[in-house]
file input23.txt (compact mmCIF, C-alpha atoms)
# COMPACT_ATOMS: atom_id res chain seq x y z
CA MET E 14 17.81 -61.75 232.25
CA SER E 15 20.70 -63.69 230.82
CA GLU E 16 23.59 -61.36 230.02
CA ASN E 17 24.12 -62.87 226.61
CA ILE E 18 20.60 -63.18 225.27
CA SER E 19 21.83 -63.19 221.68
CA ALA E 20 23.32 -66.62 222.27
CA TYR E 21 19.83 -68.16 222.30
CA ALA E 22 18.71 -69.71 219.02
CA HIS E 23 15.78 -67.29 218.77
CA PRO E 24 16.57 -64.44 221.16
CA ASP E 25 13.74 -62.27 219.84
CA VAL E 26 11.21 -64.63 221.43
CA LEU E 27 12.02 -63.20 224.87
CA VAL E 28 11.24 -59.77 226.20
CA SER E 29 12.59 -58.41 229.45
CA THR E 30 10.56 -56.76 232.18
CA GLU E 31 12.47 -53.54 231.48
CA TRP E 32 11.52 -53.61 227.81
CA LEU E 33 7.90 -54.41 228.50
CA ALA E 34 7.58 -51.65 231.07
CA GLU E 35 8.61 -49.18 228.39
CA HIS E 36 6.40 -50.68 225.67
CA LEU E 37 3.08 -51.29 227.40
CA GLU E 38 1.19 -49.60 224.59
CA GLU E 39 3.28 -50.88 221.72
CA PRO E 40 1.13 -51.08 218.56
CA GLY E 41 0.53 -54.59 217.29
CA VAL E 42 1.26 -56.15 220.67
CA ARG E 43 -1.11 -57.85 223.09
CA ILE E 44 0.10 -58.80 226.57
CA VAL E 45 -1.48 -62.07 227.70
CA GLU E 46 -1.50 -63.37 231.29
CA SER E 47 -2.05 -67.07 231.88
CA ASN E 48 -1.80 -68.55 235.37
CA GLU E 49 -2.36 -71.59 237.49
CA ASP E 50 -3.86 -69.44 240.27
CA VAL E 51 -7.30 -68.87 238.78
CA LEU E 52 -7.90 -65.53 240.51
CA LEU E 53 -4.43 -64.05 240.22
CA TYR E 54 -5.15 -61.92 237.14
CA ASP E 55 -8.15 -60.40 238.93
CA THR E 56 -6.00 -59.36 241.90
CA GLY E 57 -3.91 -57.16 239.58
CA HIS E 58 -2.14 -57.58 236.24
CA ILE E 59 0.22 -55.77 233.90
CA PRO E 60 -1.59 -52.73 232.49
CA GLY E 61 -3.26 -53.62 229.22
CA ALA E 62 -2.91 -57.36 229.69
CA VAL E 63 -5.74 -59.71 228.84
CA HIS E 64 -6.37 -62.99 230.63
CA ILE E 65 -6.44 -66.34 228.94
CA ASP E 66 -7.53 -69.20 231.18
CA TRP E 67 -5.75 -72.42 230.18
CA ARG E 68 -8.78 -74.48 231.17
CA LEU E 69 -11.77 -72.39 230.15
CA ASP E 70 -10.36 -70.70 227.07
CA LEU E 71 -7.97 -73.23 225.56
CA GLN E 72 -9.34 -76.66 226.43
CA ASP E 73 -12.49 -78.28 225.12
CA PRO E 74 -15.07 -78.35 227.92
CA VAL E 75 -15.91 -82.02 227.39
CA VAL E 76 -13.28 -83.95 225.44
CA ARG E 77 -9.65 -83.94 226.61
CA ASP E 78 -8.46 -81.81 223.70
CA TYR E 79 -8.15 -78.19 222.71
CA VAL E 80 -10.90 -75.88 221.55
CA THR E 81 -12.05 -75.82 217.96
CA THR E 82 -10.50 -73.47 215.42
CA GLU E 83 -13.73 -71.45 215.55
CA ALA E 84 -13.51 -71.08 219.33
CA PHE E 85 -9.85 -70.08 219.07
CA ALA E 86 -10.68 -67.42 216.48
CA ASP E 87 -13.43 -66.12 218.77
CA LEU E 88 -11.06 -66.08 221.77
CA CYS E 89 -8.54 -64.02 219.82
CA SER E 90 -11.17 -61.71 218.35
CA ARG E 91 -12.62 -60.74 221.70
CA ASN E 92 -9.14 -60.20 223.14
CA GLY E 93 -8.16 -57.84 220.34
CA ILE E 94 -5.75 -60.27 218.73
CA THR E 95 -5.42 -60.59 214.97
CA PRO E 96 -3.07 -63.00 213.14
CA GLU E 97 -0.63 -60.07 212.89
CA THR E 98 -0.64 -59.36 216.63
CA THR E 99 2.45 -60.26 218.62
CA CYS E 100 1.31 -61.92 221.82
CA ILE E 101 3.60 -61.55 224.82
CA PHE E 102 2.72 -64.25 227.34
CA TYR E 103 3.50 -64.17 231.03
CA GLY E 104 2.19 -65.80 234.18
CA ASP E 105 2.85 -67.41 237.53
CA LYS E 106 4.90 -70.54 238.24
CA SER E 107 7.92 -69.38 236.21
CA ASN E 108 5.73 -69.08 233.13
CA TRP E 109 4.45 -72.69 233.05
CA TRP E 110 1.02 -71.63 231.86
CA ALA E 111 2.36 -68.80 229.73
CA CYS E 112 4.43 -71.37 227.82
CA TYR E 113 1.41 -73.66 227.67
CA ALA E 114 -0.76 -70.88 226.22
CA LEU E 115 2.01 -69.98 223.76
CA TRP E 116 2.25 -73.64 222.70
CA ALA E 117 -1.54 -73.78 222.28
CA PHE E 118 -1.46 -70.62 220.15
CA ARG E 119 1.16 -72.32 217.98
CA LEU E 120 -1.19 -75.30 217.59
CA PHE E 121 -3.57 -72.91 215.86
CA GLY E 122 -0.83 -71.50 213.66
CA HIS E 123 -0.30 -68.24 215.55
CA THR E 124 3.46 -67.74 215.28
CA LYS E 125 3.91 -64.17 216.53
CA VAL E 126 4.54 -65.13 220.12
CA LYS E 127 6.94 -64.11 222.87
CA ILE E 128 7.52 -64.78 226.56
CA LEU E 129 8.16 -62.23 229.30
CA ASN E 130 11.40 -63.53 230.79
CA GLY E 131 10.89 -64.10 234.51
CA GLY E 132 7.12 -63.93 234.22
CA ARG E 133 4.74 -62.41 236.70
CA ASP E 134 6.89 -63.01 239.77
CA LYS E 135 9.78 -60.97 238.38
CA TRP E 136 7.47 -58.14 237.33
CA VAL E 137 5.95 -58.05 240.83
CA ALA E 138 9.33 -58.41 242.58
CA GLU E 139 10.57 -55.36 240.69
CA GLN E 140 7.52 -53.47 241.95
CA ARG E 141 6.36 -52.64 238.45
CA PRO E 142 2.80 -51.39 237.98
CA LEU E 143 -0.23 -53.64 238.27
CA THR E 144 -3.83 -52.74 237.67
CA ARG E 145 -7.22 -54.32 238.18
CA ALA E 146 -8.66 -52.44 235.22
CA LYS E 147 -9.47 -54.84 232.44
CA PRO E 148 -8.74 -53.47 228.98
CA LYS E 149 -11.82 -52.45 227.04
CA LEU E 150 -11.25 -53.95 223.62
CA GLU E 151 -13.28 -53.78 220.47
CA PRO E 152 -13.57 -57.23 218.88
CA VAL E 153 -11.29 -57.61 215.88
CA ASN E 154 -11.31 -60.03 213.00
CA TYR E 155 -9.36 -63.23 213.52
CA PRO E 156 -10.14 -65.52 210.58
CA VAL E 157 -10.86 -69.10 211.60
CA PRO E 158 -7.61 -71.02 211.11
CA ALA E 159 -7.86 -73.64 208.36
CA ARG E 160 -6.57 -76.35 210.68
CA ARG E 161 -4.70 -77.09 213.86
CA HIS E 162 -1.01 -77.92 213.60
CA ASP E 163 -0.98 -80.83 216.01
CA GLY E 164 1.44 -82.90 213.95
CA ALA E 165 4.36 -80.50 214.25
CA ILE E 166 4.48 -79.78 217.96
CA ARG E 167 2.13 -82.18 219.70
CA ALA E 168 2.63 -85.91 220.35
CA PHE E 169 -0.16 -88.37 221.07
CA TYR E 170 0.03 -91.65 222.95
CA GLU E 171 0.56 -93.88 219.91
CA GLU E 172 3.29 -91.61 218.57
CA THR E 173 4.99 -91.52 221.93
CA LEU E 174 4.81 -95.31 222.17
CA GLU E 175 6.41 -95.61 218.74
CA HIS E 176 9.00 -93.02 219.74
CA MET E 177 9.85 -95.10 222.80
CA SER E 178 10.03 -98.30 220.74
CA ASN E 179 12.50 -96.63 218.38
CA ALA E 180 14.61 -95.46 221.32
CA ARG E 181 14.28 -91.81 220.32
CA PRO E 182 14.96 -89.18 222.96
CA MET E 183 12.31 -88.31 225.48
CA ILE E 184 12.59 -85.82 228.29
CA ASP E 185 10.58 -86.35 231.46
CA VAL E 186 10.39 -82.91 233.05
CA ARG E 187 8.64 -83.93 236.28
CA SER E 188 10.23 -83.95 239.71
CA PRO E 189 12.67 -86.78 240.53
CA GLY E 190 10.15 -88.44 242.84
CA GLU E 191 7.53 -88.58 240.12
CA PHE E 192 10.07 -89.92 237.62
CA SER E 193 11.24 -92.69 239.92
CA GLY E 194 7.67 -93.70 240.75
CA GLU E 195 8.09 -92.91 244.41
CA VAL E 196 5.12 -90.51 244.24
CA THR E 197 2.19 -90.08 241.86
CA HIS E 198 1.71 -86.37 242.38
CA MET E 199 4.12 -83.52 242.19
CA PRO E 200 5.35 -81.93 245.38
CA GLU E 201 2.90 -79.41 246.83
CA TYR E 202 0.01 -80.54 244.66
CA PRO E 203 -2.94 -82.85 245.15
CA GLN E 204 -3.20 -86.18 243.40
CA GLU E 205 -4.53 -85.69 239.90
CA GLY E 206 -5.85 -89.14 239.28
CA VAL E 207 -2.78 -91.12 238.29
CA LEU E 208 -3.00 -94.84 238.99
CA ARG E 209 0.60 -95.91 238.41
CA GLY E 210 3.93 -94.26 239.17
CA GLY E 211 7.15 -94.28 237.16
CA HIS E 212 8.23 -93.06 233.74
CA ILE E 213 8.19 -93.98 230.08
CA PRO E 214 10.98 -96.50 229.47
CA GLY E 215 14.02 -94.77 228.01
CA ALA E 216 13.00 -91.26 229.04
CA LYS E 217 15.63 -89.08 230.66
CA SER E 218 14.84 -87.08 233.76
CA VAL E 219 15.47 -83.37 233.32
CA PRO E 220 13.10 -81.49 235.66
CA TRP E 221 11.77 -78.30 234.06
CA LYS E 222 13.19 -76.30 236.94
CA THR E 223 16.75 -76.96 235.86
CA ALA E 224 16.15 -74.50 232.99
CA VAL E 225 15.42 -71.46 235.15
CA ASN E 226 17.23 -69.17 237.54
CA ALA E 227 15.96 -68.32 241.01
CA ASP E 228 14.12 -65.29 239.63
CA GLY E 229 12.27 -67.36 237.04
CA THR E 230 14.33 -66.14 234.09
CA PHE E 231 15.76 -68.70 231.73
CA LYS E 232 19.32 -69.85 232.24
CA SER E 233 21.92 -68.77 229.71
CA ALA E 234 22.23 -70.57 226.38
CA GLU E 235 25.55 -72.01 227.51
CA GLU E 236 24.04 -73.41 230.72
CA LEU E 237 21.04 -74.81 228.86
CA ARG E 238 23.27 -76.52 226.28
CA LYS E 239 25.16 -78.19 229.10
CA ILE E 240 21.94 -79.42 230.69
CA TYR E 241 20.21 -80.72 227.58
CA GLY E 242 23.19 -81.41 225.31
CA GLU E 243 25.94 -82.74 227.53
CA GLY E 244 23.64 -83.79 230.37
CA ALA E 245 20.69 -85.36 228.57
CA GLY E 246 22.62 -86.22 225.41
CA LEU E 247 20.33 -84.41 222.98
CA LYS E 248 21.85 -83.92 219.54
CA LYS E 249 21.12 -81.16 217.05
CA ASP E 250 18.87 -83.15 214.70
CA ASP E 251 17.13 -85.25 217.34
CA ASP E 252 13.41 -85.85 217.22
CA ILE E 253 12.43 -85.09 220.84
CA ILE E 254 9.30 -85.57 222.92
CA ALA E 255 8.84 -83.84 226.27
CA TYR E 256 6.19 -84.80 228.81
CA CYS E 257 5.10 -84.15 232.40
CA ARG E 258 1.68 -84.79 234.01
CA ILE E 259 -0.78 -82.75 231.95
CA GLY E 260 1.49 -80.94 229.52
CA GLU E 261 2.11 -77.58 231.17
CA ARG E 262 5.60 -78.13 232.63
CA SER E 263 6.61 -79.86 229.42
CA SER E 264 5.40 -76.81 227.45
CA HIS E 265 8.06 -74.89 229.37
CA THR E 266 10.74 -77.38 228.35
CA TRP E 267 9.34 -77.50 224.79
CA PHE E 268 9.85 -73.72 224.67
CA VAL E 269 13.40 -73.99 225.99
CA LEU E 270 14.40 -76.73 223.55
CA GLY E 271 12.75 -75.23 220.49
CA TYR E 272 13.08 -71.49 220.92
CA LEU E 273 16.10 -71.04 223.13
CA LEU E 274 18.27 -73.96 221.99
CA GLY E 275 17.01 -74.29 218.44
CA TYR E 276 16.09 -77.98 218.32
CA GLU E 277 13.88 -78.14 215.27
CA LYS E 278 11.81 -81.20 216.03
CA VAL E 279 10.37 -81.01 219.52
CA ARG E 280 6.90 -82.16 220.44
CA ASN E 281 4.95 -81.84 223.65
CA TYR E 282 3.12 -85.00 224.73
CA ASP E 283 0.31 -83.20 226.52
CA GLY E 284 -1.51 -86.41 227.44
CA SER E 285 1.59 -86.93 229.56
CA TRP E 286 1.62 -89.05 232.69
CA THR E 287 -2.08 -88.63 233.44
CA GLU E 288 -2.66 -90.56 230.22
CA TRP E 289 0.34 -92.88 230.18
CA GLY E 290 0.20 -93.78 233.87
CA ASN E 291 -3.46 -94.77 233.60
CA ARG E 292 -3.31 -96.59 230.28
CA VAL E 293 -3.83 -100.34 230.44
CA ARG E 294 -0.61 -102.15 229.56
CA ALA E 295 1.38 -98.99 228.86
CA PRO E 296 4.99 -99.89 229.61
CA ILE E 297 6.38 -98.30 232.75
CA GLU E 298 9.88 -98.16 234.13
CA ARG E 299 10.72 -97.41 237.73
CA SER E 300 14.06 -96.37 239.12
CA MET D 26 -27.46 -77.19 257.77
CA TYR D 27 -24.37 -74.97 258.01
CA PRO D 28 -23.32 -72.81 260.96
CA PRO D 29 -25.26 -69.51 260.78
CA LYS D 30 -22.27 -67.25 260.04
CA LEU D 31 -21.08 -69.56 257.26
CA GLN D 32 -24.63 -69.88 255.92
CA ALA D 33 -24.84 -66.08 255.60
CA ILE D 34 -21.64 -66.05 253.53
CA ILE D 35 -22.91 -68.90 251.37
CA ASP D 36 -26.20 -67.07 250.80
CA LEU D 37 -24.34 -63.95 249.76
CA PHE D 38 -22.15 -65.78 247.24
CA GLU D 39 -25.03 -67.76 245.82
CA SER D 40 -26.83 -64.51 245.05
CA LEU D 41 -23.91 -63.02 243.15
CA PRO D 42 -23.22 -63.16 239.42
CA GLU D 43 -19.88 -64.72 238.42
CA GLU D 44 -17.95 -61.47 238.09
CA GLU D 45 -19.04 -60.17 241.49
CA LYS D 46 -18.35 -63.58 243.01
CA ARG D 47 -14.74 -63.27 241.84
CA GLU D 48 -14.49 -59.72 243.22
CA ASN D 49 -15.79 -60.85 246.59
CA LEU D 50 -13.42 -63.80 246.69
CA ILE D 51 -10.53 -61.41 246.09
CA ALA D 52 -11.83 -59.12 248.82
CA TYR D 53 -11.88 -62.08 251.22
CA ALA D 54 -8.40 -63.14 250.06
CA GLU D 55 -7.10 -59.69 250.93
CA GLN D 56 -8.52 -60.06 254.42
CA ALA D 57 -6.76 -63.36 255.05
CA LYS D 58 -3.80 -61.68 256.76
CA LYS D 59 -6.14 -60.12 259.31
CA HIS D 60 -7.00 -63.60 260.52
CA GLY D 61 -3.45 -64.30 261.69
CA PRO D 62 -2.59 -64.51 265.40
CA LYS D 63 -2.56 -61.19 267.25
CA GLU D 64 0.21 -60.25 269.64
CA GLY D 65 -0.34 -61.64 273.12
CA GLU D 66 -2.96 -64.18 272.07
CA LYS D 67 -2.64 -67.63 273.55
CA PHE D 68 -3.88 -70.77 271.90
CA ASP D 69 -5.01 -74.17 273.01
CA LEU D 70 -3.58 -75.80 269.90
CA GLU D 71 -0.98 -74.70 267.36
CA ASP D 72 -0.25 -76.65 264.20
CA VAL D 73 2.19 -75.05 261.76
CA ARG D 74 3.39 -77.21 258.91
CA LYS D 75 3.88 -77.54 255.21
CA ASP D 76 2.16 -80.52 253.68
CA GLU D 77 2.71 -82.05 250.28
CA GLU D 78 -0.77 -81.03 249.17
CA CYS D 79 -0.33 -77.27 249.66
CA THR D 80 2.03 -74.84 247.97
CA ASP D 81 3.28 -73.23 251.17
CA THR D 82 3.29 -73.41 254.95
CA VAL D 83 -0.03 -73.04 256.74
CA GLY D 84 -0.35 -72.45 260.48
CA VAL D 85 -3.57 -73.23 262.33
CA PHE D 86 -3.97 -71.64 265.77
CA MET D 87 -7.06 -72.59 267.76
CA GLN D 88 -8.60 -71.21 270.90
CA VAL D 89 -11.35 -73.12 272.69
CA ASP D 90 -13.44 -71.09 275.10
CA ALA D 91 -15.21 -72.17 278.29
CA GLU D 92 -18.25 -73.26 276.27
CA ARG D 93 -16.06 -75.44 274.04
CA ARG D 94 -16.53 -73.05 271.13
CA VAL D 95 -13.59 -72.61 268.78
CA HIS D 96 -11.90 -69.52 267.38
CA PHE D 97 -9.32 -69.90 264.62
CA ARG D 98 -6.33 -67.85 263.55
CA ILE D 99 -4.47 -68.85 260.40
CA THR D 100 -1.07 -67.95 258.95
CA LEU D 101 -0.36 -68.48 255.25
CA GLY D 102 2.91 -68.59 253.34
CA PRO D 103 3.25 -66.21 250.38
CA GLN D 104 2.86 -68.91 247.73
CA VAL D 105 -0.62 -69.94 248.85
CA GLN D 106 -3.13 -69.48 246.03
CA THR D 107 -5.68 -66.66 246.03
CA LEU D 108 -8.62 -69.03 246.32
CA THR D 109 -7.10 -70.67 249.38
CA LYS D 110 -6.51 -67.27 250.95
CA ALA D 111 -10.15 -66.37 250.33
CA MET D 112 -11.35 -69.61 251.90
CA THR D 113 -9.16 -68.92 254.95
CA ALA D 114 -10.92 -65.63 255.65
CA ILE D 115 -14.34 -67.15 254.94
CA LEU D 116 -13.79 -70.08 257.30
CA CYS D 117 -12.21 -68.02 260.08
CA ARG D 118 -15.28 -65.80 260.02
CA GLY D 119 -17.88 -68.43 259.17
CA LEU D 120 -16.83 -70.99 261.77
CA ASP D 121 -16.03 -68.58 264.57
CA GLY D 122 -17.82 -69.72 267.71
CA CYS D 123 -18.75 -73.17 266.42
CA THR D 124 -18.35 -76.19 268.66
CA LEU D 125 -15.66 -78.76 267.96
CA GLU D 126 -18.36 -81.15 266.83
CA GLU D 127 -19.90 -78.62 264.43
CA VAL D 128 -16.55 -78.12 262.71
CA LEU D 129 -15.84 -81.85 262.59
CA GLU D 130 -19.23 -82.62 261.08
CA LEU D 131 -19.23 -79.79 258.54
CA PRO D 132 -19.60 -81.21 255.02
CA ALA D 133 -17.32 -79.73 252.36
CA ASP D 134 -20.10 -79.33 249.83
CA PHE D 135 -20.47 -75.64 250.61
CA VAL D 136 -17.19 -74.87 248.82
CA PRO D 137 -18.56 -74.96 245.24
CA LYS D 138 -21.53 -72.90 246.43
CA ILE D 139 -19.15 -70.13 247.40
CA VAL D 140 -16.47 -70.50 244.77
CA GLY D 141 -18.67 -71.45 241.83
CA GLY D 142 -18.22 -74.32 239.47
CA GLN D 143 -15.87 -72.51 237.08
CA LEU D 144 -13.10 -72.02 239.60
CA VAL D 145 -13.14 -75.42 241.30
CA ARG D 146 -10.82 -77.62 239.30
CA ILE D 147 -8.19 -80.20 240.07
CA ARG D 148 -5.39 -77.68 240.24
CA SER D 149 -7.31 -75.58 242.76
CA GLN D 150 -8.25 -78.38 245.12
CA THR D 151 -6.20 -76.71 247.83
CA VAL D 152 -9.33 -74.62 248.35
CA TYR D 153 -10.43 -77.54 250.54
CA TYR D 154 -7.12 -77.69 252.38
CA ILE D 155 -7.81 -75.08 255.08
CA LEU D 156 -11.03 -76.80 256.12
CA THR D 157 -9.15 -80.09 256.32
CA ARG D 158 -6.54 -78.51 258.57
CA MET D 159 -9.18 -76.91 260.82
CA LYS D 160 -10.91 -80.25 261.20
CA SER D 161 -7.58 -81.89 261.93
CA ALA D 162 -6.96 -79.37 264.73
CA CYS D 163 -10.41 -79.98 266.19
CA LYS D 164 -9.89 -83.72 266.08
CA ALA D 165 -6.51 -83.48 267.81
CA TYR D 166 -7.99 -81.25 270.50
CA ALA D 167 -10.96 -83.55 271.03
CA ASN D 168 -8.58 -86.51 271.39
CA ARG D 169 -6.56 -84.54 273.90
CA LEU D 170 -9.71 -83.88 275.94
CA ARG D 171 -10.64 -87.54 275.84
CA ALA D 172 -7.14 -88.55 276.93
CA ALA D 173 -7.25 -86.03 279.79
CA ALA D 174 -10.57 -87.47 280.87
CA GLY D 175 -9.00 -90.90 280.97
CA GLY D 176 -10.77 -92.20 277.90
CA MET D 177 -9.31 -93.99 274.93
CA THR D 178 -7.89 -92.08 271.98
CA ASN D 179 -8.16 -93.22 268.46
CA ASP D 180 -6.31 -91.25 265.83
CA LYS D 181 -7.07 -93.59 262.97

call {"tool": "encode", "arguments": {"input": "input23.txt", "output": "structure tokens"}}
result
Amino acid sequence: MSENISAYAHPDVLVSTEWLAEHLEEPGVRIVESNEDVLLYDTGHIPGAVHIDWRLDLQDPVVRDYVTTEAFADLCSRNGITPETTCIFYGDKSNWWACYALWAFRLFGHTKVKILNGGRDKWVAEQRPLTRAKPKLEPVNYPVPARRHDGAIRAFYEETLEHMSNARPMIDVRSPGEFSGEVTHMPEYPQEGVLRGGHIPGAKSVPWKTAVNADGTFKSAEELRKIYGEGAGLKKDDDIIAYCRIGERSSHTWFVLGYLLGYEKVRNYDGSWTEWGNRVRAPIERS
Amino acid sequence: MYPPKLQAIIDLFESLPEEEKRENLIAYAEQAKKHGPKEGEKFDLEDVRKDEECTDTVGVFMQVDAERRVHFRITLGPQVQTLTKAMTAILCRGLDGCTLEEVLELPADFVPKIVGGQLVRIRSQTVYYILTRMKSACKAYANRLRAAAGGMTNDK
């Protein structure tokens, strides 16, 4: 954990592994695991944690979009989450999918959200307890949200195109090879159906990984300001769009920019390169 | 259609409800380490590498017996996904004693039968990776045999 956590814009959005270990049964809290490895939760998870699958639980099974407000309410209800519950997200891959799940919860207006700093890997590395026992939860009432809040934190293709045309800041969080167009998949992953390589013209390359330490915790506020402020040139009132391939790595950067650095207008373009790189006549820059 | 040992595993998984399927996959994943090389074992082909398509290093160690039947040992790096670990144990057991040709001709369509439709998704395509590497080892060994016999090799 960063020594000076209070220097983050919203320090209360992070919990440490130490804190969580001592508050596993904290009233009003639900621990939520969300991973890329689809079986990881089943191999053992933090006691009391529920599992939310980014694909099965959060995404529409047919259309490339998120579930309905009714399905979200049902998901929360069966996982013992009410609108008053504070959800603490954690997962593998330095919390990629935890941040993605958190961002999706925000789409539905659930604002009581936190991230376990360092995620699953740090918890496991510290040899903290894991269990295979799934919590037995009585369904609770989660009223169906009146609407989704896509406009505030989510960018679509047309909005991103307009953003580009107006030369507003965009952060490409993919690996350097993906940004340059040298490769069309990220290192260590299969091709995910992208037809063209490169990046959105005007976007700056700041790989998501630059925001984390070796143990998966977030870098200090001072380090992050250097990376995104001095390095990428982001200014306090900027309107920012972050993107990657399918929106999970950019959720991580969206979290860093909004919650840790306090940028007030940050959107995640979740269509990302798997939409842009396949779109007919979408402008592409290579470098 | 499939080698008998693999067919038995497929039959088992196809009979299981989703929850038990997951439990069995985890049980297989936990056995993956047991399929690593044992001390003193010698192999006819060793192929240890980290490819772009997989999250960590995978080593394929192959023995070919006098009847040209293959026996695999596999090493996996710690970042390899659970599903890939499970498939390692399943394939080491299910293909043990197959001929080179049987491994090379094995279609990959058994994977969803074992894993189930819910868990096979783009981000878990590495579940196919171990089979690809086993086939690659068989192909390299077959080429070596052909070369030793004075025939032509064709790696393309």

call {"tool": "residues_around", "arguments": {"input": "input23.txt", "residues": "Cys100 (chain E)", "least_positions_apart": "3", "cutoff": "7 Å", "atoms": "all atoms listed in the file", "output": "JSON, numbers by chain"}}
result
{"E": [42, 43, 44, 45, 125, 126, 127]}

call {"tool": "residues_around", "arguments": {"input": "input23.txt", "residues": "Trp110 (chain E)", "least_positions_apart": "3", "cutoff": "10 Å", "atoms": "all atoms listed in the file", "output": "number ranges by chain"}}
result
E: 46-50, 65-67, 102-107, 113-116, 260-262, 264-265

call {"tool": "atom_distance", "arguments": {"input": "input23.txt", "atom1": "CA of Gly84 (chain D)", "atom2": "CA of Arg158 (chain D)"}}
result
8.9 Å

call {"tool": "residues_near_point", "arguments": {"input": "input23.txt", "point": "(6.5, -80.7, 217.7)", "cutoff": "12 Å", "atoms": "all atoms listed in the file", "output": "VMD selection string"}}
result
chain E and resid 116 to 117 119 to 120 162 to 169 172 to 173 251 to 256 263 to 264 266 to 268 270 to 272 276 to 283

call {"tool": "residues_near_point", "arguments": {"input": "input23.txt", "point": "(-12.1, -70.6, 248.7)", "cutoff": "9 Å", "atoms": "only C-alpha atoms", "output": "ChimeraX atom specification"}}
result
/D:50,53-54,107-116,136-137,139-140,145,151-153,155

call {"tool": "closest_residue", "arguments": {"input": "input23.txt", "among": "E:Asp70, E:Glu39, E:Glu151, E:Asp87", "to": "chain D", "atoms": "all atoms listed in the file"}}
result
E:Asp70

call {"tool": "closest_residue", "arguments": {"input": "input23.txt", "among": "E:Glu195, E:Asp55, E:Asp228, E:Glu298", "to": "Ala146 (chain E)", "atoms": "all atoms listed in the file"}}
result
E:Asp55

call {"tool": "atom_distance", "arguments": {"input": "input23.txt", "atom1": "CA of Ser233 (chain E)", "atom2": "CA of Ile59 (chain E)"}}
result
25.6 Å

call {"tool": "atom_distance", "arguments": {"input": "input23.txt", "atom1": "CA of Phe121 (chain E)", "atom2": "CA of Gly41 (chain E)"}}
result
18.8 Å

call {"tool": "closest_residue", "arguments": {"input": "input23.txt", "among": "D:Ala162, D:Leu144, D:Glu127, D:Gly65", "to": "Val85 (chain D)", "atoms": "all atoms listed in the file"}}
result
D:Ala162

call {"tool": "closest_residue", "arguments": {"input": "input23.txt", "among": "D:Pro132, D:Gly175, D:Gly61, D:Pro103", "to": "chain E", "atoms": "all atoms listed in the file"}}
result
D:Pro103

call {"tool": "closest_residue", "arguments": {"input": "input23.txt", "among": "D:Pro28, D:His60, D:Asp121, D:Val128", "to": "Thr100 (chain D)", "atoms": "only C-alpha atoms"}}
result
D:His60

call {"tool": "residues_around", "arguments": {"input": "input23.txt", "residues": "Gln88 (chain D)", "least_positions_apart": "5", "cutoff": "7 Å", "atoms": "all atoms listed in the file", "output": "MDAnalysis selection string"}}
result
chainID D and resid 68:70 95:97

call {"tool": "write_last_selection", "arguments": {"input": "input23.txt", "atoms": "C-alpha atoms", "output": "PDB file, in the coordinates of the input"}}
result
ATOM      1  CA  PHE D  68      -3.880 -70.770 271.900  1.00  0.00           C
ATOM      2  CA  ASP D  69      -5.010 -74.170 273.010  1.00  0.00           C
ATOM      3  CA  LEU D  70      -3.580 -75.800 269.900  1.00  0.00           C
ATOM      4  CA  VAL D  95     -13.590 -72.610 268.780  1.00  0.00           C
ATOM      5  CA  HIS D  96     -11.900 -69.520 267.380  1.00  0.00           C
ATOM      6  CA  PHE D  97      -9.320 -69.900 264.620  1.00  0.00           C
TER       7      PHE D  97
END

call {"tool": "closest_residue", "arguments": {"input": "input23.txt", "among": "E:Arg133, E:Arg68, E:His36, E:His176", "to": "chain D", "atoms": "only C-alpha atoms"}}
result
E:Arg68
